[in-house]
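*Asks:* Here it is, the structure, as structure tokens.
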Amino acid sequence: MDVLYFAWVRERIGAPKERVETNAATVMDLVNELRTREERYAAAFADLSALRVAVDQELSDFDAPLKDVREVAFFPPMTGG
Amino acid sequence: MDVLYFAWVRERIGAPKERVETNAATVMDLVNELRTREERYAAAFADLSALRVAVDQELSDFDAPLKDVREVAFFPPMTGG
Amino acid sequence: MDIRVQAEPFDLGAETNAFAARQSGMGAVVTFTGIVRDLDNDVLDVMEIEHYPGMTEKALEKIASQAHERWDIGDILIIHRHGSLRPDDLIMMVATSSRHRADAFQAAEFLMDFLKSRAPFWKKEKTNVSTDWVAAKSKDEDALKRW
Amino acid sequence: MDIRVQAEPFDLGAETNAFAARQSGMGAVVTFTGIVRDLDNDVLDVMEIEHYPGMTEKALEKIASQAHERWDIGDILIIHRHGSLRPDDLIMMVATSSRHRADAFQAAEFLMDFLKSRAPFWKKEKTNVSTDWVAAKSKDEDALKRW
């Protein structure tokens, strides 16, 4: 699965995109898996209320299932316009 | 006093503007005075709910006083924009 | 505040660009443009717009001043044509600017609602079958109540 | 529906004229333009706009489709820039058309409210003293509740 990061999440993780091999059932499971990897992930995912998630390019929730998903993205609340 | 007419009021009266010598105390008095003059005035002023009035270029009411007024205008509800 | 009542056409794009360019510190620009549109059934030949020279400018200035008092806006532009217009001709435009978008939107809607029913313009439509003064709509009068 | 996400500047006036000219039977055109504005205290050097290629277009199309379902509108244009912008640069524009003005106004405000908080754009401001990501405002999130 491709995992993408935008804005300050990208800066904390230090990469815009990476390939992650995982059996995580939900976005939350994936977040918890990443958190245990390295300090930078723990830092980026410290406060989930400050994060939004998109699953296959659709805004989604942290309890969304990841079955057959190709792309998950994490980012702060959007500030367009 | 100058009396001005716009839109279909102008068409019914048959003139855009005329000089009226009057002692009418209010717009309503002026209207009643004009009504007695000729049939075209009576026709134009038949239904006052379909008319609006401006006194010295400010939207006003039919009971507005005419003391020191230089210009009164009669017209239908406006349709700008 | 820039208010123009004119017979001549205006260039919506050029006016919008010039308006946006002369704003300072404003993050939002809203424009509204009214266009002569064909009628539902008959074929519109000409729309004649009559106005009350002198009062028109005063009425528009008053409406614009009220908008300035009610919202935190930077600037207002109003252009309204009179005379003979044809389908697809631009009748008028308003532009507003503000720091935050809600003010520019609200002020533009307010300007349009009051301009529609309180500025001395009257439209007459000449079609293939008849010539009639456009009647004021009760919903335009009702629109004023929200402000 | 015309949706463009681009690094290049756009000509607000030319786009507005072209949009108005290609409407048929629409009496009302509303545009909104967002402009990079200077900050209240510090001096803004650059505004960087990041976005999520692929998702951005989908999100904007979804918002525009919802506007089409909710209001009687003719057409929608959305242009949004990404990359490095400077004060007074135009960030984005939306344009809407409708037969009656209320629909174009409502749809434009709806598009802006959702674009602001639901399309994947992020702004970073580089000033004379610091570089910070722009925080989302709670009032922008609150603005969605009215729709």
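Residue names in the structure tokens use chain letters A, B, ... in the order shown, residue numbers from 1 in each chain, and ligand numbers from 1 in the order shown.
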Which polymer residues have any atom within 6 Å of an atom of stretch 10-27 of chain D, counting only C-alpha atoms, with same-chain residues fewer than 4 positions away left out, as a PyMOL selection string?
*Replies:* (chain C and resi 13-14+16-17+34-35+37-38) or (chain D and resi 98-99)
*Asks:* What would chain D look like once superposed on chain C, with the fit done by least squares over all C-alpha atoms paired in order? Give it as a JSON list (two decimals) with C-alpha atoms, in the first residue's frame.
*Replies:*
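Ended up saving to selection_10.json:
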```json
[["chain", "number", "residue", "atom", "x", "y", "z"],
["D", 1, "MET", "CA", -16.45, 53.57, -3.84],
["D", 2, "ASP", "CA", -16.88, 53.72, -7.60],
["D", 3, "ILE", "CA", -20.43, 54.09, -8.97],
["D", 4, "ARG", "CA", -21.20, 54.50, -12.65],
["D", 5, "VAL", "CA", -24.53, 54.77, -14.44],
["D", 6, "GLN", "CA", -23.95, 54.72, -18.17],
["D", 7, "ALA", "CA", -25.42, 53.91, -21.57],
["D", 8, "GLU", "CA", -22.13, 52.48, -22.84],
["D", 9, "PRO", "CA", -21.22, 48.80, -22.50],
["D", 10, "PHE", "CA", -18.52, 47.92, -19.96],
["D", 11, "ASP", "CA", -15.83, 45.24, -20.02],
["D", 12, "LEU", "CA", -16.60, 42.91, -17.11],
["D", 13, "GLY", "CA", -13.18, 41.26, -17.23],
["D", 14, "ALA", "CA", -11.22, 44.49, -17.41],
["D", 15, "GLU", "CA", -13.29, 46.03, -14.60],
["D", 16, "THR", "CA", -12.89, 42.92, -12.45],
["D", 17, "ASN", "CA", -9.12, 42.83, -12.98],
["D", 18, "ALA", "CA", -8.77, 46.55, -12.27],
["D", 19, "PHE", "CA", -10.92, 46.27, -9.15],
["D", 20, "ALA", "CA", -8.94, 43.28, -7.82],
["D", 21, "ALA", "CA", -5.62, 44.97, -8.62],
["D", 22, "ARG", "CA", -6.41, 48.15, -6.70],
["D", 23, "GLN", "CA", -7.34, 46.35, -3.47],
["D", 24, "SER", "CA", -4.76, 46.39, -0.70],
["D", 25, "GLY", "CA", -4.80, 43.80, 2.07],
["D", 26, "MET", "CA", -8.06, 42.30, 0.82],
["D", 27, "GLY", "CA", -8.11, 38.51, 0.51],
["D", 28, "ALA", "CA", -11.52, 38.21, -1.13],
["D", 29, "VAL", "CA", -13.21, 39.73, -4.18],
["D", 30, "VAL", "CA", -16.80, 38.91, -5.14],
["D", 31, "THR", "CA", -18.47, 40.06, -8.34],
["D", 32, "PHE", "CA", -22.04, 39.79, -9.53],
["D", 33, "THR", "CA", -23.03, 40.38, -13.15],
["D", 34, "GLY", "CA", -26.55, 40.68, -14.53],
["D", 35, "ILE", "CA", -27.03, 39.56, -18.12],
["D", 36, "VAL", "CA", -30.01, 40.12, -20.45],
["D", 37, "ARG", "CA", -31.44, 36.66, -20.91],
["D", 38, "ASP", "CA", -33.92, 35.32, -23.39],
["D", 39, "LEU", "CA", -37.48, 34.84, -22.19],
["D", 40, "ASP", "CA", -39.00, 31.46, -21.43],
["D", 41, "ASN", "CA", -41.47, 31.59, -24.29],
["D", 42, "ASP", "CA", -41.24, 34.63, -26.54],
["D", 43, "VAL", "CA", -38.17, 35.93, -28.34],
["D", 44, "LEU", "CA", -36.67, 38.99, -26.70],
["D", 45, "ASP", "CA", -35.68, 41.67, -29.18],
["D", 46, "VAL", "CA", -34.67, 44.62, -26.99],
["D", 47, "MET", "CA", -34.58, 45.39, -23.28],
["D", 48, "GLU", "CA", -34.95, 49.11, -22.62],
["D", 49, "ILE", "CA", -33.68, 50.32, -19.26],
["D", 50, "GLU", "CA", -34.99, 53.65, -18.05],
["D", 51, "HIS", "CA", -33.62, 55.38, -14.99],
["D", 52, "TYR", "CA", -33.94, 58.58, -12.99],
["D", 53, "PRO", "CA", -30.79, 60.64, -13.61],
["D", 54, "GLY", "CA", -29.63, 62.28, -10.41],
["D", 55, "MET", "CA", -31.62, 60.07, -8.08],
["D", 56, "THR", "CA", -30.07, 56.88, -9.43],
["D", 57, "GLU", "CA", -26.55, 57.85, -8.41],
["D", 58, "LYS", "CA", -27.75, 59.05, -4.99],
["D", 59, "ALA", "CA", -29.68, 55.83, -4.37],
["D", 60, "LEU", "CA", -26.71, 53.67, -5.35],
["D", 61, "GLU", "CA", -24.35, 55.70, -3.15],
["D", 62, "LYS", "CA", -26.71, 55.31, -0.22],
["D", 63, "ILE", "CA", -26.94, 51.54, -0.69],
["D", 64, "ALA", "CA", -23.15, 51.28, -1.00],
["D", 65, "SER", "CA", -22.67, 53.40, 2.14],
["D", 66, "GLN", "CA", -25.01, 51.13, 4.07],
["D", 67, "ALA", "CA", -23.03, 48.09, 2.93],
["D", 68, "HIS", "CA", -19.82, 49.77, 4.12],
["D", 69, "GLU", "CA", -21.38, 50.37, 7.53],
["D", 70, "ARG", "CA", -22.66, 46.84, 7.94],
["D", 71, "TRP", "CA", -19.70, 44.77, 6.76],
["D", 72, "ASP", "CA", -15.94, 44.92, 7.00],
["D", 73, "ILE", "CA", -15.35, 45.57, 3.33],
["D", 74, "GLY", "CA", -12.57, 47.33, 1.48],
["D", 75, "ASP", "CA", -14.20, 48.70, -1.62],
["D", 76, "ILE", "CA", -17.34, 48.65, -3.75],
["D", 77, "LEU", "CA", -17.81, 49.04, -7.50],
["D", 78, "ILE", "CA", -21.24, 49.38, -9.11],
["D", 79, "ILE", "CA", -21.77, 49.80, -12.85],
["D", 80, "HIS", "CA", -25.32, 49.87, -14.25],
["D", 81, "ARG", "CA", -26.30, 50.47, -17.85],
["D", 82, "HIS", "CA", -29.38, 52.21, -19.18],
["D", 83, "GLY", "CA", -30.77, 52.44, -22.70],
["D", 84, "SER", "CA", -31.28, 49.67, -25.25],
["D", 85, "LEU", "CA", -29.79, 46.26, -24.51],
["D", 86, "ARG", "CA", -30.03, 42.97, -26.36],
["D", 87, "PRO", "CA", -29.93, 39.33, -25.20],
["D", 88, "ASP", "CA", -26.51, 38.40, -23.75],
["D", 89, "ASP", "CA", -25.61, 42.05, -23.13],
["D", 90, "LEU", "CA", -24.34, 42.76, -19.64],
["D", 91, "ILE", "CA", -26.81, 44.94, -17.71],
["D", 92, "MET", "CA", -24.77, 45.69, -14.62],
["D", 93, "MET", "CA", -22.09, 44.51, -12.23],
["D", 94, "VAL", "CA", -21.15, 44.93, -8.61],
["D", 95, "ALA", "CA", -17.80, 44.06, -7.06],
["D", 96, "THR", "CA", -16.89, 43.96, -3.37],
["D", 97, "SER", "CA", -13.65, 43.22, -1.55],
["D", 98, "SER", "CA", -12.96, 42.18, 2.02],
["D", 99, "ARG", "CA", -10.33, 40.57, 4.21],
["D", 100, "HIS", "CA", -12.48, 37.50, 4.84],
["D", 101, "ARG", "CA", -14.82, 36.03, 2.26],
["D", 102, "ALA", "CA", -18.08, 36.17, 4.21],
["D", 103, "ASP", "CA", -18.14, 39.99, 4.22],
["D", 104, "ALA", "CA", -17.62, 40.34, 0.47],
["D", 105, "PHE", "CA", -20.33, 37.76, -0.25],
["D", 106, "GLN", "CA", -22.83, 39.28, 2.16],
["D", 107, "ALA", "CA", -22.20, 42.83, 0.98],
["D", 108, "ALA", "CA", -22.57, 41.83, -2.69],
["D", 109, "GLU", "CA", -25.90, 40.10, -2.00],
["D", 110, "PHE", "CA", -27.09, 43.07, 0.03],
["D", 111, "LEU", "CA", -26.14, 45.48, -2.77],
["D", 112, "MET", "CA", -27.98, 43.38, -5.33],
["D", 113, "ASP", "CA", -31.12, 43.02, -3.21],
["D", 114, "PHE", "CA", -31.37, 46.76, -2.61],
["D", 115, "LEU", "CA", -30.27, 47.80, -6.07],
["D", 116, "LYS", "CA", -33.00, 45.57, -7.49],
["D", 117, "SER", "CA", -35.87, 47.17, -5.59],
["D", 118, "ARG", "CA", -34.60, 50.52, -4.31],
["D", 119, "ALA", "CA", -32.59, 52.06, -7.16],
["D", 120, "PRO", "CA", -34.73, 53.84, -9.79],
["D", 121, "PHE", "CA", -34.33, 51.58, -12.81],
["D", 122, "TRP", "CA", -37.17, 50.18, -14.88],
["D", 123, "LYS", "CA", -36.98, 47.49, -17.54],
["D", 124, "LYS", "CA", -39.17, 47.18, -20.60],
["D", 125, "GLU", "CA", -39.05, 44.08, -22.77],
["D", 126, "LYS", "CA", -39.82, 44.21, -26.48],
["D", 127, "THR", "CA", -40.45, 40.73, -27.84],
["D", 128, "ASN", "CA", -41.69, 39.25, -31.10],
["D", 129, "VAL", "CA", -45.24, 39.49, -29.75],
["D", 130, "SER", "CA", -45.48, 42.39, -27.30],
["D", 131, "THR", "CA", -43.84, 45.25, -25.43],
["D", 132, "ASP", "CA", -44.23, 45.25, -21.67],
["D", 133, "TRP", "CA", -42.73, 46.80, -18.59],
["D", 134, "VAL", "CA", -41.15, 44.17, -16.39],
["D", 135, "ALA", "CA", -43.22, 43.75, -13.21],
["D", 136, "ALA", "CA", -41.46, 43.86, -9.87],
["D", 137, "LYS", "CA", -41.39, 40.45, -8.22],
["D", 138, "SER", "CA", -42.72, 40.01, -4.70],
["D", 139, "LYS", "CA", -39.76, 37.75, -3.94],
["D", 140, "ASP", "CA", -37.42, 40.67, -4.70],
["D", 141, "GLU", "CA", -39.27, 42.77, -2.15],
["D", 142, "ASP", "CA", -39.23, 39.84, 0.28],
["D", 143, "ALA", "CA", -35.46, 39.52, -0.19],
["D", 144, "LEU", "CA", -34.99, 42.87, 1.57],
["D", 145, "LYS", "CA", -36.49, 41.55, 4.80],
["D", 146, "ARG", "CA", -33.50, 39.41, 5.66],
["D", 147, "TRP", "CA", -31.15, 42.39, 6.02]]
```
*Asks:* Counting only C-alpha atoms, which residues of chain B sit at most 12 Å from some atom of chain C, and what is each one's closest atom pair with its distance in Å to one decimal, listed by chain and rising residue number, as CSV?
*Replies:*
```
residue,atom,partner,partner_atom,distance
B:Leu4,CA,C:Tyr52,CA,9.1
B:Tyr5,CA,C:Tyr52,CA,9.3
B:Phe6,CA,C:Tyr52,CA,7.6
B:Ala7,CA,C:Trp122,CA,6.4
B:Trp8,CA,C:Trp133,CA,7.1
B:Val9,CA,C:Trp133,CA,10.6
B:Arg10,CA,C:Glu50,CA,10.8
B:Glu11,CA,C:Trp133,CA,10.8
B:Pro16,CA,C:Tyr52,CA,10.3
B:Lys17,CA,C:Tyr52,CA,11.4
B:Ala50,CA,C:Ala136,CA,9.9
B:Leu51,CA,C:Ala136,CA,11.3
B:Arg52,CA,C:Pro120,CA,10.0
B:Val53,CA,C:Pro120,CA,10.5
B:Ala54,CA,C:Met55,CA,8.7
B:Val55,CA,C:Met55,CA,10.0
B:Asp56,CA,C:Met55,CA,8.4
B:Gln57,CA,C:Met55,CA,4.8
B:Glu58,CA,C:Met55,CA,7.1
B:Leu59,CA,C:Arg118,CA,8.0
B:Ser60,CA,C:Arg118,CA,11.2
B:Glu71,CA,C:Met55,CA,10.8
B:Val72,CA,C:Met55,CA,11.2
B:Ala73,CA,C:Tyr52,CA,9.0
B:Phe74,CA,C:Tyr52,CA,10.6
B:Phe75,CA,C:Pro120,CA,8.6
B:Pro76,CA,C:Trp122,CA,8.1
B:Pro77,CA,C:Ala136,CA,6.0
B:Met78,CA,C:Ser117,CA,5.1
B:Thr79,CA,C:Trp122,CA,4.9
B:Gly80,CA,C:Lys116,CA,4.4
B:Gly81,CA,C:Lys116,CA,5.0
```
*Asks:* Find the residues near B:Ala42: any atom within 9 Å, counting only C-alpha atoms, skip ones fewer than 6 places away on the same chain, and give them as a list in words.
*Replies:* Val31, Asn32, Leu34, Arg35 and Thr36 of chain B
*Asks:* Keeping C-alpha atoms for every residue in the selection just given, could you write it to a file as an mmCIF file, in the first residue's frame?
*Replies:*
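Wrote it out as selection_24.cif, contents follow:
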```cif
data_model
loop_
_atom_site.group_PDB
_atom_site.id
_atom_site.type_symbol
_atom_site.label_atom_id
_atom_site.label_comp_id
_atom_site.auth_asym_id
_atom_site.auth_seq_id
_atom_site.Cartn_x
_atom_site.Cartn_y
_atom_site.Cartn_z
ATOM 1 C CA VAL B 31 -52.089 63.322 -6.475
ATOM 2 C CA ASN B 32 -55.728 64.247 -5.795
ATOM 3 C CA LEU B 34 -53.731 65.970 -10.581
ATOM 4 C CA ARG B 35 -56.479 63.319 -10.660
ATOM 5 C CA THR B 36 -59.144 65.982 -11.161
#
```
*Asks:* Residues of chain C in helix (DSSP H, G or I) according to DSSP, as an MDAnalysis selection string?
*Replies:* chainID C and resid 12:21 55:70 101:118 138:146
*Asks:* Restricting the output to N, CA and C atoms, write the selected residues as a short mmCIF file (atom, residue, chain, number, x, y, z; two decimals), in the first residue's frame.
*Replies:*
```
data_model
loop_
_atom_site.label_atom_id
_atom_site.label_comp_id
_atom_site.auth_asym_id
_atom_site.auth_seq_id
_atom_site.Cartn_x
_atom_site.Cartn_y
_atom_site.Cartn_z
N LEU C 12 -16.55 43.58 -18.42
CA LEU C 12 -16.61 42.90 -17.12
C LEU C 12 -15.23 42.43 -16.67
N GLY C 13 -14.49 41.79 -17.57
CA GLY C 13 -13.18 41.25 -17.22
C GLY C 13 -12.19 42.34 -16.86
N ALA C 14 -12.15 43.38 -17.68
CA ALA C 14 -11.21 44.48 -17.42
C ALA C 14 -11.57 45.18 -16.11
N GLU C 15 -12.87 45.37 -15.86
CA GLU C 15 -13.29 46.02 -14.62
C GLU C 15 -12.95 45.15 -13.41
N THR C 16 -13.16 43.84 -13.55
CA THR C 16 -12.88 42.92 -12.45
C THR C 16 -11.38 42.89 -12.15
N ASN C 17 -10.56 42.80 -13.19
CA ASN C 17 -9.11 42.82 -12.99
C ASN C 17 -8.66 44.13 -12.34
N ALA C 18 -9.17 45.24 -12.83
CA ALA C 18 -8.76 46.55 -12.28
C ALA C 18 -9.20 46.67 -10.82
N PHE C 19 -10.41 46.20 -10.54
CA PHE C 19 -10.91 46.26 -9.16
C PHE C 19 -10.03 45.42 -8.23
N ALA C 20 -9.75 44.18 -8.66
CA ALA C 20 -8.93 43.29 -7.82
C ALA C 20 -7.53 43.88 -7.63
N ALA C 21 -6.99 44.47 -8.69
CA ALA C 21 -5.61 44.97 -8.62
C ALA C 21 -5.48 46.17 -7.69
N MET C 55 -31.23 60.94 -9.18
CA MET C 55 -31.64 60.08 -8.07
C MET C 55 -30.91 58.74 -8.12
N THR C 56 -30.70 58.22 -9.32
CA THR C 56 -30.07 56.89 -9.43
C THR C 56 -28.73 56.86 -8.71
N GLU C 57 -27.89 57.82 -9.02
CA GLU C 57 -26.56 57.86 -8.41
C GLU C 57 -26.66 57.99 -6.88
N LYS C 58 -27.57 58.88 -6.44
CA LYS C 58 -27.75 59.05 -4.99
C LYS C 58 -28.20 57.76 -4.32
N ALA C 59 -29.15 57.07 -4.96
CA ALA C 59 -29.68 55.84 -4.37
C ALA C 59 -28.59 54.77 -4.29
N LEU C 60 -27.78 54.68 -5.35
CA LEU C 60 -26.71 53.67 -5.35
C LEU C 60 -25.65 54.01 -4.30
N GLU C 61 -25.34 55.30 -4.17
CA GLU C 61 -24.36 55.70 -3.15
C GLU C 61 -24.86 55.38 -1.74
N LYS C 62 -26.15 55.59 -1.53
CA LYS C 62 -26.73 55.31 -0.21
C LYS C 62 -26.65 53.81 0.09
N ILE C 63 -27.00 53.00 -0.88
CA ILE C 63 -26.95 51.54 -0.69
C ILE C 63 -25.51 51.09 -0.42
N ALA C 64 -24.57 51.65 -1.18
CA ALA C 64 -23.16 51.28 -0.99
C ALA C 64 -22.65 51.73 0.38
N SER C 65 -23.08 52.91 0.82
CA SER C 65 -22.67 53.40 2.15
C SER C 65 -23.20 52.49 3.25
N GLN C 66 -24.44 52.05 3.08
CA GLN C 66 -25.02 51.13 4.07
C GLN C 66 -24.24 49.82 4.12
N ALA C 67 -23.82 49.33 2.96
CA ALA C 67 -23.02 48.09 2.93
C ALA C 67 -21.69 48.30 3.66
N HIS C 68 -21.09 49.46 3.44
CA HIS C 68 -19.82 49.76 4.12
C HIS C 68 -19.99 49.80 5.64
N GLU C 69 -21.15 50.30 6.08
CA GLU C 69 -21.38 50.37 7.53
C GLU C 69 -21.61 49.00 8.14
N ARG C 70 -22.26 48.12 7.36
CA ARG C 70 -22.66 46.84 7.94
C ARG C 70 -21.61 45.76 7.88
N ARG C 101 -13.86 36.18 3.35
CA ARG C 101 -14.81 36.04 2.26
C ARG C 101 -16.27 36.31 2.62
N ALA C 102 -16.66 36.03 3.87
CA ALA C 102 -18.07 36.18 4.22
C ALA C 102 -18.55 37.62 4.03
N ASP C 103 -17.72 38.59 4.37
CA ASP C 103 -18.13 39.99 4.23
C ASP C 103 -18.37 40.39 2.77
N ALA C 104 -17.46 39.98 1.89
CA ALA C 104 -17.62 40.34 0.48
C ALA C 104 -18.87 39.70 -0.11
N PHE C 105 -19.13 38.44 0.26
CA PHE C 105 -20.33 37.76 -0.24
C PHE C 105 -21.60 38.45 0.27
N GLN C 106 -21.64 38.68 1.58
CA GLN C 106 -22.84 39.29 2.16
C GLN C 106 -23.09 40.67 1.59
N ALA C 107 -22.03 41.46 1.49
CA ALA C 107 -22.20 42.82 0.99
C ALA C 107 -22.68 42.81 -0.47
N ALA C 108 -22.16 41.89 -1.28
CA ALA C 108 -22.57 41.82 -2.69
C ALA C 108 -24.05 41.43 -2.80
N GLU C 109 -24.48 40.50 -1.97
CA GLU C 109 -25.90 40.09 -2.00
C GLU C 109 -26.80 41.23 -1.52
N PHE C 110 -26.36 41.91 -0.48
CA PHE C 110 -27.10 43.07 0.03
C PHE C 110 -27.22 44.15 -1.05
N LEU C 111 -26.11 44.47 -1.70
CA LEU C 111 -26.13 45.47 -2.77
C LEU C 111 -27.12 45.08 -3.85
N MET C 112 -27.09 43.82 -4.25
CA MET C 112 -27.98 43.37 -5.32
C MET C 112 -29.44 43.44 -4.89
N ASP C 113 -29.73 43.01 -3.68
CA ASP C 113 -31.12 43.01 -3.21
C ASP C 113 -31.68 44.43 -3.18
N PHE C 114 -30.87 45.39 -2.70
CA PHE C 114 -31.37 46.76 -2.60
C PHE C 114 -31.36 47.47 -3.95
N LEU C 115 -30.34 47.20 -4.73
CA LEU C 115 -30.27 47.80 -6.07
C LEU C 115 -31.48 47.38 -6.90
N LYS C 116 -31.89 46.13 -6.73
CA LYS C 116 -33.01 45.58 -7.50
C LYS C 116 -34.32 46.30 -7.22
N SER C 117 -34.58 46.66 -5.98
CA SER C 117 -35.90 47.19 -5.60
C SER C 117 -35.88 48.61 -5.09
N ARG C 118 -34.68 49.19 -4.90
CA ARG C 118 -34.63 50.53 -4.32
C ARG C 118 -33.86 51.54 -5.17
N SER C 138 -42.55 39.93 -6.16
CA SER C 138 -42.73 40.00 -4.71
C SER C 138 -41.54 39.37 -4.00
N LYS C 139 -40.90 38.39 -4.65
CA LYS C 139 -39.77 37.75 -3.97
C LYS C 139 -38.57 38.70 -3.89
N ASP C 140 -38.49 39.67 -4.82
CA ASP C 140 -37.42 40.67 -4.71
C ASP C 140 -37.67 41.60 -3.53
N GLU C 141 -38.94 41.93 -3.32
CA GLU C 141 -39.28 42.76 -2.16
C GLU C 141 -39.05 41.96 -0.87
N ASP C 142 -39.43 40.69 -0.90
CA ASP C 142 -39.22 39.83 0.27
C ASP C 142 -37.74 39.69 0.61
N ALA C 143 -36.89 39.71 -0.43
CA ALA C 143 -35.46 39.51 -0.20
C ALA C 143 -34.87 40.59 0.69
N LEU C 144 -35.51 41.75 0.74
CA LEU C 144 -34.99 42.85 1.57
C LEU C 144 -35.17 42.58 3.05
N LYS C 145 -36.14 41.74 3.37
CA LYS C 145 -36.48 41.54 4.78
C LYS C 145 -35.38 40.85 5.57
N ARG C 146 -34.51 40.13 4.89
CA ARG C 146 -33.48 39.40 5.64
C ARG C 146 -32.35 40.30 6.14
#
```
*Asks:* Looking only at strand (DSSP E) from DSSP on the backbone, list the matching residues of chain B as a list in words.
*Replies:*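 Filtering chain B to strand (DSSP E) leaves Asp2, Val3, Leu4, Tyr5, Lys17, Glu18, Arg19, Arg52, Val53, Ala54, Val55, Glu58, Leu59, Ser60, Glu71, Val72, Ala73, Phe74 and Phe75 of chain B.
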*Asks:* Can I get the selection written as a PDB file, in the first residue's frame, with N, CA and C atoms?
*Replies:*
```
ATOM      1  N   ASP B   2     -41.346  70.779  -9.911  1.00  0.00           N
ATOM      2  CA  ASP B   2     -41.236  69.862 -11.055  1.00  0.00           C
ATOM      3  C   ASP B   2     -41.844  68.521 -10.676  1.00  0.00           C
ATOM      4  N   VAL B   3     -42.681  67.982 -11.563  1.00  0.00           N
ATOM      5  CA  VAL B   3     -43.230  66.646 -11.332  1.00  0.00           C
ATOM      6  C   VAL B   3     -42.735  65.745 -12.458  1.00  0.00           C
ATOM      7  N   LEU B   4     -42.104  64.649 -12.079  1.00  0.00           N
ATOM      8  CA  LEU B   4     -41.505  63.733 -13.051  1.00  0.00           C
ATOM      9  C   LEU B   4     -42.254  62.403 -13.055  1.00  0.00           C
ATOM     10  N   TYR B   5     -42.269  61.777 -14.225  1.00  0.00           N
ATOM     11  CA  TYR B   5     -42.938  60.481 -14.374  1.00  0.00           C
ATOM     12  C   TYR B   5     -41.988  59.517 -15.071  1.00  0.00           C
ATOM     13  N   LYS B  17     -41.965  64.995 -17.696  1.00  0.00           N
ATOM     14  CA  LYS B  17     -41.749  66.035 -16.683  1.00  0.00           C
ATOM     15  C   LYS B  17     -42.665  67.205 -16.983  1.00  0.00           C
ATOM     16  N   GLU B  18     -43.146  67.840 -15.917  1.00  0.00           N
ATOM     17  CA  GLU B  18     -43.902  69.071 -16.130  1.00  0.00           C
ATOM     18  C   GLU B  18     -43.766  69.961 -14.908  1.00  0.00           C
ATOM     19  N   ARG B  19     -44.037  71.228 -15.136  1.00  0.00           N
ATOM     20  CA  ARG B  19     -44.001  72.219 -14.056  1.00  0.00           C
ATOM     21  C   ARG B  19     -45.416  72.312 -13.509  1.00  0.00           C
ATOM     22  N   ARG B  52     -44.842  54.241  -6.746  1.00  0.00           N
ATOM     23  CA  ARG B  52     -43.887  54.681  -5.737  1.00  0.00           C
ATOM     24  C   ARG B  52     -43.656  56.167  -5.970  1.00  0.00           C
ATOM     25  N   VAL B  53     -43.205  56.856  -4.924  1.00  0.00           N
ATOM     26  CA  VAL B  53     -42.972  58.294  -5.069  1.00  0.00           C
ATOM     27  C   VAL B  53     -41.606  58.664  -4.500  1.00  0.00           C
ATOM     28  N   ALA B  54     -40.929  59.591  -5.174  1.00  0.00           N
ATOM     29  CA  ALA B  54     -39.682  60.146  -4.640  1.00  0.00           C
ATOM     30  C   ALA B  54     -39.870  61.643  -4.472  1.00  0.00           C
ATOM     31  N   VAL B  55     -39.430  62.149  -3.341  1.00  0.00           N
ATOM     32  CA  VAL B  55     -39.517  63.583  -3.058  1.00  0.00           C
ATOM     33  C   VAL B  55     -38.090  64.121  -2.998  1.00  0.00           C
ATOM     34  N   GLU B  58     -35.494  61.372  -3.165  1.00  0.00           N
ATOM     35  CA  GLU B  58     -35.404  60.361  -2.098  1.00  0.00           C
ATOM     36  C   GLU B  58     -36.710  59.584  -2.085  1.00  0.00           C
ATOM     37  N   LEU B  59     -36.649  58.264  -2.036  1.00  0.00           N
ATOM     38  CA  LEU B  59     -37.874  57.482  -1.919  1.00  0.00           C
ATOM     39  C   LEU B  59     -38.665  57.978  -0.730  1.00  0.00           C
ATOM     40  N   SER B  60     -39.987  58.116  -0.901  1.00  0.00           N
ATOM     41  CA  SER B  60     -40.782  58.733   0.149  1.00  0.00           C
ATOM     42  C   SER B  60     -42.161  58.085   0.224  1.00  0.00           C
ATOM     43  N   GLU B  71     -38.916  68.899  -6.325  1.00  0.00           N
ATOM     44  CA  GLU B  71     -39.101  67.865  -7.341  1.00  0.00           C
ATOM     45  C   GLU B  71     -39.818  66.645  -6.746  1.00  0.00           C
ATOM     46  N   VAL B  72     -40.900  66.243  -7.395  1.00  0.00           N
ATOM     47  CA  VAL B  72     -41.623  65.034  -6.984  1.00  0.00           C
ATOM     48  C   VAL B  72     -41.665  64.107  -8.193  1.00  0.00           C
ATOM     49  N   ALA B  73     -41.420  62.806  -7.964  1.00  0.00           N
ATOM     50  CA  ALA B  73     -41.438  61.855  -9.087  1.00  0.00           C
ATOM     51  C   ALA B  73     -42.345  60.684  -8.764  1.00  0.00           C
ATOM     52  N   PHE B  74     -43.087  60.237  -9.771  1.00  0.00           N
ATOM     53  CA  PHE B  74     -43.982  59.083  -9.629  1.00  0.00           C
ATOM     54  C   PHE B  74     -43.541  57.994 -10.594  1.00  0.00           C
ATOM     55  N   PHE B  75     -43.547  56.771 -10.108  1.00  0.00           N
ATOM     56  CA  PHE B  75     -43.099  55.662 -10.962  1.00  0.00           C
ATOM     57  C   PHE B  75     -43.550  54.332 -10.382  1.00  0.00           C
TER      58      PHE B  75
END
```
